[in-house]
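Here the structure comes first, spelled out in structure tokens, and everything after it is commentary.
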Amino acid sequence: MAKYRKKPVVVEAFQYNGTLTDKFGLWLAPSWSAKALKENVMYYDGPELYIKTLEGDHHVSVGDFIIRGVHGELYPCKPDIFAKTYELVEE
């Protein structure tokens, strides 16, 4: 059996705080999330946020990170998994 290490990949992400806009309706999240919402890749079902992925629709809980992968795909990630998998890139 062989062992493999995940290649270092830089992704964009933000932590979902329960809303994508402030109380005045100004966008708080990255512009790519606004595009995803407009294109129905991310959508609200009542107050709950979901992301459409190849594996099906995934619920986004408050505190989850929304990740934009290397091919522009979006997916949610629980904070503990995110902390174990990713580190902040200083630019």
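Quick note on naming: the chains in the structure tokens go A, B, ... in the order shown, residues restart at 1 in each chain, and ligands are numbered from 1 in order of appearance.
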Spatial neighbours of Ala13 of chain A, 8 Å, only C-alpha atoms, chain gap at least 3 places, as a PyMOL selection string: chain A and resi 65-68
Limited to all heavy atoms, could you put the picked residues into a file as a PDB file, in the first residue's frame?
ATOM      1  N   PHE A  65     -17.089  27.349   6.965  1.00  0.00           N
ATOM      2  CA  PHE A  65     -16.367  28.089   5.947  1.00  0.00           C
ATOM      3  C   PHE A  65     -16.932  27.714   4.587  1.00  0.00           C
ATOM      4  O   PHE A  65     -17.262  26.548   4.347  1.00  0.00           O
ATOM      5  CB  PHE A  65     -14.871  27.766   5.989  1.00  0.00           C
ATOM      6  CG  PHE A  65     -14.155  28.468   7.100  1.00  0.00           C
ATOM      7  CD1 PHE A  65     -14.157  27.939   8.385  1.00  0.00           C
ATOM      8  CD2 PHE A  65     -13.499  29.663   6.869  1.00  0.00           C
ATOM      9  CE1 PHE A  65     -13.508  28.591   9.416  1.00  0.00           C
ATOM     10  CE2 PHE A  65     -12.842  30.325   7.893  1.00  0.00           C
ATOM     11  CZ  PHE A  65     -12.851  29.789   9.165  1.00  0.00           C
ATOM     12  N   ILE A  66     -17.070  28.684   3.717  1.00  0.00           N
ATOM     13  CA  ILE A  66     -17.450  28.429   2.328  1.00  0.00           C
ATOM     14  C   ILE A  66     -16.174  28.580   1.524  1.00  0.00           C
ATOM     15  O   ILE A  66     -15.536  29.634   1.537  1.00  0.00           O
ATOM     16  CB  ILE A  66     -18.542  29.392   1.852  1.00  0.00           C
ATOM     17  CG1 ILE A  66     -19.803  29.194   2.706  1.00  0.00           C
ATOM     18  CG2 ILE A  66     -18.827  29.169   0.360  1.00  0.00           C
ATOM     19  CD1 ILE A  66     -20.926  30.164   2.388  1.00  0.00           C
ATOM     20  N   ILE A  67     -15.799  27.503   0.852  1.00  0.00           N
ATOM     21  CA  ILE A  67     -14.534  27.435   0.133  1.00  0.00           C
ATOM     22  C   ILE A  67     -14.789  27.492  -1.364  1.00  0.00           C
ATOM     23  O   ILE A  67     -15.710  26.850  -1.867  1.00  0.00           O
ATOM     24  CB  ILE A  67     -13.786  26.130   0.483  1.00  0.00           C
ATOM     25  CG1 ILE A  67     -13.494  26.076   1.980  1.00  0.00           C
ATOM     26  CG2 ILE A  67     -12.512  25.993  -0.346  1.00  0.00           C
ATOM     27  CD1 ILE A  67     -12.965  24.735   2.446  1.00  0.00           C
ATOM     28  N   ARG A  68     -13.951  28.243  -2.055  1.00  0.00           N
ATOM     29  CA  ARG A  68     -13.949  28.259  -3.513  1.00  0.00           C
ATOM     30  C   ARG A  68     -12.704  27.513  -3.942  1.00  0.00           C
ATOM     31  O   ARG A  68     -11.579  27.946  -3.702  1.00  0.00           O
ATOM     32  CB  ARG A  68     -13.928  29.689  -4.026  1.00  0.00           C
ATOM     33  CG  ARG A  68     -13.960  29.786  -5.531  1.00  0.00           C
ATOM     34  CD  ARG A  68     -14.012  31.253  -5.928  1.00  0.00           C
ATOM     35  NE  ARG A  68     -13.966  31.389  -7.350  1.00  0.00           N
ATOM     36  CZ  ARG A  68     -13.382  32.399  -7.973  1.00  0.00           C
ATOM     37  NH1 ARG A  68     -12.807  33.360  -7.285  1.00  0.00           N
ATOM     38  NH2 ARG A  68     -13.387  32.471  -9.273  1.00  0.00           N
TER      39      ARG A  68
END
Separation of atom CA of Thr85 of chain A and atom CA of Lys6 of chain A, in Å?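 Separation of atom CA of Thr85 of chain A and atom CA of Lys6 of chain A: 9.6 Å.
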Return the single residue from A:Gly69, A:Gly63, A:Ile51, A:Asp80 that is closest to Val9 of chain A, with distances computed using only C-alpha atoms. A:Gly69
